[in-house]
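Q: What follows is upload16.txt, compact mmCIF, C-alpha atoms.
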# COMPACT_ATOMS: atom_id res chain seq x y z
CA MET A 1 0.00 0.00 0.00
CA GLU A 2 1.42 3.39 -1.03
CA ARG A 3 2.25 5.69 1.88
CA ILE A 4 0.69 9.17 1.61
CA VAL A 5 2.86 12.02 2.90
CA CYS A 6 0.70 14.85 4.19
CA GLY A 7 1.62 18.42 3.25
CA GLN A 8 3.27 20.45 5.97
CA LEU A 9 5.22 23.64 6.58
CA THR A 10 8.96 23.51 7.15
CA LYS A 11 9.38 27.30 7.19
CA SER A 12 6.68 29.74 8.32
CA PRO A 13 6.17 33.17 6.70
CA GLU A 14 7.25 36.36 8.46
CA ASN A 15 5.70 39.82 8.58
CA VAL A 16 6.91 42.17 5.83
CA ALA A 17 6.49 45.85 4.95
CA GLY A 18 6.84 47.69 1.67
CA LEU A 19 6.31 50.95 -0.16
CA VAL A 20 3.55 51.19 -2.75
CA GLY A 21 5.00 50.30 -6.15
CA SER A 22 7.73 48.05 -4.75
CA SER A 23 7.74 44.26 -4.59
CA VAL A 24 7.56 42.34 -1.31
CA THR A 25 8.21 38.65 -0.77
CA LEU A 26 6.53 36.37 1.73
CA ARG A 27 8.79 33.39 2.36
CA CYS A 28 7.50 29.92 3.09
CA ALA A 29 8.61 26.33 2.60
CA GLY A 30 7.13 22.86 2.83
CA THR A 31 5.14 20.38 0.79
CA ASP A 32 1.71 20.66 -0.86
CA LEU A 33 1.24 24.34 -0.05
CA SER A 34 -0.96 27.21 -1.17
CA TRP A 35 -1.18 30.95 -0.42
CA GLU A 36 -4.31 32.81 0.66
CA GLU A 37 -5.02 36.48 1.35
CA TYR A 38 -7.61 38.05 3.65
CA VAL A 39 -7.56 41.52 2.11
CA SER A 40 -9.64 41.83 -1.04
CA ASP A 41 -12.86 40.13 0.05
CA PRO A 42 -15.19 42.70 1.71
CA SER A 43 -16.28 40.16 4.32
CA GLY A 44 -12.68 39.26 5.17
CA ASP A 45 -12.89 35.70 3.88
CA ALA A 46 -9.89 33.90 2.39
CA VAL A 47 -9.09 34.37 -1.30
CA THR A 48 -6.77 31.81 -2.90
CA ILE A 49 -3.65 33.29 -4.47
CA SER A 50 -1.85 30.10 -5.44
CA PHE A 51 -2.40 26.38 -5.61
CA GLN A 52 0.75 24.27 -5.52
CA THR A 53 2.87 25.61 -8.44
CA THR A 54 0.27 27.92 -10.02
CA VAL A 55 -0.68 31.50 -9.13
CA VAL A 56 -4.23 32.66 -9.78
CA GLU A 57 -3.23 36.16 -10.99
CA PRO A 58 0.27 36.10 -12.51
CA ASN A 59 0.08 39.84 -13.25
CA LYS A 60 -0.02 40.48 -9.49
CA TYR A 61 2.01 37.60 -8.03
CA ASP A 62 5.11 35.53 -8.64
CA LEU A 63 5.67 32.14 -7.05
CA ILE A 64 9.15 30.77 -6.44
CA THR A 65 9.24 27.02 -5.90
CA GLU A 66 12.27 24.78 -5.60
CA PRO A 67 12.87 21.07 -4.94
CA THR A 68 14.11 22.04 -1.47
CA GLY A 69 10.54 23.01 -0.60
CA THR A 70 10.79 26.77 -1.14
CA TYR A 71 7.34 28.30 -1.69
CA ASP A 72 7.91 32.07 -1.71
CA LEU A 73 5.22 34.49 -2.85
CA THR A 74 6.20 37.85 -4.34
CA ILE A 75 3.57 40.57 -4.55
CA LYS A 76 4.50 42.66 -7.58
CA SER A 77 4.16 46.44 -7.52
CA ILE A 78 2.19 46.31 -4.32
CA GLN A 79 -0.68 48.73 -3.75
CA LEU A 80 -1.73 50.35 -0.48
CA THR A 81 -4.94 48.30 -0.41
CA GLN A 82 -2.97 45.03 -0.40
CA GLY A 83 -1.82 45.49 3.17
CA GLY A 84 -3.26 42.89 5.54
CA ARG A 85 -3.18 39.23 6.48
CA TYR A 86 -1.78 36.43 4.29
CA LYS A 87 -1.53 32.69 4.97
CA CYS A 88 0.79 29.96 3.82
CA LYS A 89 -1.45 26.91 3.96
CA ALA A 90 -0.60 23.23 4.04
CA LEU A 91 -3.26 21.57 1.89
CA ARG A 92 -3.47 18.38 3.93
CA ASP A 93 -2.48 19.69 7.36
CA VAL A 94 -4.49 22.77 8.30
CA ALA A 95 -2.92 22.82 11.76
CA SER A 96 0.47 23.73 10.30
CA SER A 97 -0.82 26.74 8.33
CA ARG A 98 0.62 30.11 9.41
CA PHE A 99 -0.36 33.77 8.99
CA ALA A 100 1.83 36.79 8.29
CA GLN A 101 1.09 40.50 7.95
CA VAL A 102 1.92 42.67 4.95
CA ILE A 103 2.13 46.35 5.90
CA THR A 104 1.96 48.80 2.99
CA PHE A 105 3.09 52.43 3.12
CA SER A 106 2.22 55.18 0.65
CA ALA A 107 5.19 56.10 -1.54
CA PHE A 108 4.08 59.76 -1.57
CA ASP A 109 4.43 60.25 2.18
CA PRO A 110 5.53 61.45 4.58
CA THR A 111 4.01 64.88 5.00
CA CYS A 112 6.25 66.75 7.41
CA THR A 113 5.80 70.26 8.80
CA SER A 114 7.56 72.70 11.10
CA ASN A 115 6.61 76.09 12.52
CA THR A 116 10.09 77.53 11.98
CA THR A 117 10.78 80.31 9.47
CA ASN A 118 14.05 79.87 7.59
CA ASN A 119 15.06 77.39 10.35
CA GLU A 120 15.55 80.28 12.75
CA ALA A 121 14.36 80.41 16.35
CA VAL A 122 14.71 82.57 19.43
CA GLU A 123 15.72 81.26 22.82
CA GLY A 124 12.59 80.26 24.72
CA GLN A 125 10.55 79.73 21.56
CA TYR A 126 8.71 76.41 21.15
CA ILE A 127 9.48 74.71 17.84
CA GLU A 128 7.18 71.96 16.58
CA TYR A 129 7.97 69.24 14.06
CA SER A 130 5.38 66.76 12.77
CA CYS A 131 5.36 63.88 10.28
CA GLU A 132 2.57 61.63 9.04
CA ARG A 133 2.26 58.82 6.51
CA LYS A 134 -0.50 56.53 5.27
CA TYR A 135 -0.41 52.76 5.71
CA GLN A 136 -2.58 49.66 5.61
CA GLY A 137 -2.25 46.44 7.57
CA ASN A 138 -3.04 44.91 10.93
CA LEU A 139 0.13 45.97 12.72
CA THR A 140 0.28 49.57 13.94
CA PRO A 141 3.46 51.48 13.05
CA LYS A 142 4.99 54.15 15.24
CA MET A 143 7.42 57.01 14.66
CA LYS A 144 10.40 58.17 16.63
CA TRP A 145 12.01 61.61 16.59
CA THR A 146 15.72 61.88 17.32
CA ASP A 147 18.00 64.84 17.98
CA LEU A 148 20.88 64.03 15.65
CA SER A 149 23.33 66.21 17.56
CA THR A 150 22.88 64.28 20.81
CA GLY A 151 21.66 60.96 19.41
CA GLU A 152 18.82 61.02 21.94
CA ASP A 153 15.19 60.31 21.14
CA VAL A 154 12.77 63.17 21.77
CA LYS A 155 9.47 62.48 23.51
CA ALA A 156 6.81 62.55 20.80
CA LYS A 157 3.04 62.97 20.82
CA ASP A 158 1.04 60.25 19.06
CA GLU A 159 -1.64 61.86 16.85
CA SER A 160 -2.31 58.81 14.67
CA SER A 161 -5.71 57.86 13.28
CA ALA A 162 -7.05 54.89 11.30
CA GLY A 163 -4.75 54.31 8.33
CA THR A 164 -2.44 57.20 9.21
CA VAL A 165 0.52 57.28 11.59
CA LYS A 166 1.42 60.75 12.86
CA PHE A 167 3.85 61.80 15.60
CA SER A 168 4.94 65.30 16.55
CA ILE A 169 7.45 66.89 18.93
CA VAL A 170 7.61 70.30 20.60
CA VAL A 171 11.03 71.53 21.73
CA GLU A 172 11.73 74.65 23.78
CA MET A 173 14.73 76.34 22.21
CA THR A 174 17.88 76.98 24.22
CA PRO A 175 21.26 78.24 23.00
CA SER A 176 22.45 74.62 23.09
CA HIS A 177 20.02 73.78 20.25
CA ASN A 178 21.93 76.01 17.85
CA GLY A 179 22.99 73.87 14.87
CA HIS A 180 20.83 70.91 15.88
CA ARG A 181 18.80 68.81 13.46
CA PHE A 182 15.90 66.48 14.14
CA THR A 183 15.00 63.33 12.26
CA CYS A 184 11.87 61.16 12.05
CA GLN A 185 11.72 57.42 11.36
CA THR A 186 9.00 54.73 11.28
CA TYR A 187 9.33 51.60 13.39
CA PHE A 188 7.31 48.75 14.85
CA ASP A 189 7.20 47.23 18.28
CA LYS A 190 7.53 43.47 18.18
CA PRO A 191 4.00 42.02 17.86
CA GLN A 192 2.63 39.95 20.69
CA SER A 193 2.65 36.27 19.82
CA GLN A 194 -0.68 35.00 18.53
CA ASN A 195 -1.63 31.47 17.58
CA LYS A 196 -0.46 30.67 14.05
CA SER A 197 0.68 34.27 13.44
CA ALA A 198 4.18 35.60 12.81
CA ASP A 199 5.56 37.61 15.71
CA ASN A 200 8.64 39.15 14.12
CA ILE A 201 9.18 42.86 13.63
CA PRO A 202 8.23 43.30 9.95
CA ILE A 203 10.98 42.66 7.45
CA ASN A 204 11.32 45.79 5.33
CA ASN A 205 12.52 46.95 1.95
CA ASN A 206 13.17 50.68 2.31
CA ALA A 207 9.93 51.12 4.25
CA PHE A 208 11.78 52.22 7.38
CA ASN A 209 14.37 54.57 5.93
CA VAL A 210 14.64 57.97 7.61
CA LEU A 211 11.55 59.90 6.56
CA TYR A 212 12.61 63.42 7.34
CA THR A 213 15.63 65.36 8.53
CA SER A 214 15.27 69.01 9.46
CA GLN A 215 17.69 71.72 8.44
CA ARG A 216 20.15 72.95 11.03
CA LEU A 217 18.58 75.37 13.48
CA ASN A 218 19.89 78.86 14.06
CA VAL A 219 18.94 79.73 17.63
CA TYR A 220 19.34 83.34 18.78
CA CYS A 221 19.23 84.56 22.36
CA GLN A 222 16.64 87.12 23.38
CA LEU A 223 18.18 90.57 23.53
CA SER A 224 17.25 91.00 27.19
CA GLN A 225 18.98 87.74 28.03
CA CYS A 226 22.08 88.09 25.89
CA HIS A 227 25.33 88.35 27.82
CA LEU A 228 26.91 91.39 26.21
CA PRO A 229 30.54 92.22 27.04
CA THR A 230 31.13 94.97 29.62
CA VAL A 231 33.24 98.07 28.90
CA ASP A 232 36.18 96.45 30.68
CA GLN A 233 35.86 93.37 28.40
CA VAL A 234 35.82 95.37 25.14
Can you present the structure in this file as structure tokens?
A:
Amino acid sequence: MERIVCGQLTKSPENVAGLVGSSVTLRCAGTDLSWEEYVSDPSGDAVTISFQTTVVEPNKYDLITEPTGTYDLTIKSIQLTQGGRYKCKALRDVASSRFAQVITFSAFDPTCTSNTTNNEAVEGQYIEYSCERKYQGNLTPKMKWTDLSTGEDVKAKDESSAGTVKFSIVVEMTPSHNGHRFTCQTYFDKPQSQNKSADNIPINNNAFNVLYTSQRLNVYCQLSQCHLPTVDQV
């Protein structure tokens, strides 16, 4: 009697992130596999992307299969609306199927603003920087602001809303801020482990590059507080 080997995963997919228009690859390996997505159906049901060695829409997807068991799915020229949950599924062993998240970011963002004029400020003035960018997916991105001159992160205010991540900082200017620059970058906290779901920080392809770097600040002291030389010092 012929022995039937049930399909199973030997490598589970991991969370990935990508800019609109780029390609992202979900990696998987095993035997008798298929890919499903839970993005395009309005009710959130599974839509089959591939079945063994065939993709349903070759204009949108590429499938890389090798005798070693590789079963990688590439989403070509990804769109914002393709962010969400994907599953590498063992056809004969549902228990070994695993989910991963695809997080998509708009290629036209971020939108960054500042209330400085010509990057000039007066001691005691409050300078605000803000950045926002659009995304889709089931993992929530964050932003961090860093003072490049000190290498220290600056406490930021989270003003995000559904589908948009936005963080801003307000810094009271002192003479020590003269020449400083501030930078903004997207990041993720590590997801909490969930049954059959990837828990890695999303793998990225240029999605987490520095979004914005301010120009160097010119900070001037207030005239009443400037330490002018005395007659004896002239």
Q: Find the residues around A:Thr140 up to 9 Å (all atoms listed in the file counted), leave out those fewer than 6 positions away in its own chain, and share them as a PyMOL selection string.
A: chain A and resi 103+163+165+188-189
Q: Under the rule of at most 6 Å, produce a per-residue listing of stretch 48-129 of chain A near stretch 15-20 of chain A: chain, number, name, the closest pair of atoms, and the distance in Å, as CSV, using all atoms listed in the file.
A:
residue,atom,partner,partner_atom,distance
A:Ile78,CA,A:Val20,CA,5.3
A:Gln79,CA,A:Val20,CA,5.0
A:Leu80,CA,A:Val20,CA,5.8
A:Ala100,CA,A:Asn15,CA,4.9
A:Gln101,CA,A:Asn15,CA,4.7
A:Val102,CA,A:Val16,CA,5.1
A:Ile103,CA,A:Ala17,CA,4.5
A:Thr104,CA,A:Gly18,CA,5.2
A:Phe105,CA,A:Leu19,CA,4.8
A:Ser106,CA,A:Val20,CA,5.4
A:Ala107,CA,A:Val20,CA,5.3
Q: List the spatial neighbours of A:Val56 as a list in words - criterion: any atom at most 12 Å away, all atoms listed in the file, same-chain residues fewer than 5 positions off excluded.
A: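 So, after excluding close chain neighbours, the residues are Ser34, Trp35, Glu36, Glu37, Val47, Thr48, Ile49, Ser50, Phe51, Tyr61, Asp62, Leu63 and Leu73 of chain A.
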Q: Please provide as a PyMOL selection string all residues within 9 Å of A:Lys190, with the sequence filter that same-chain residues fewer than 3 positions apart are discarded (counting all atoms listed in the file).
A: chain A and resi 193+199-202
Q: May I have the protein, DNA and RNA residues with any atom at most 6 Å from the point (20.1, 78.0, 18.4), counting only C-alpha atoms, written as number ranges by chain?
A: A: 175, 177-178, 217-220
Q: Do you know which residues are at most 6 Å from stretch 110-124 of chain A counting all atoms listed in the file, after dropping those on the same chain fewer than 5 positions away, and could you put them as a PyMOL selection string?
A: chain A and resi 129-133+172-174+217-222
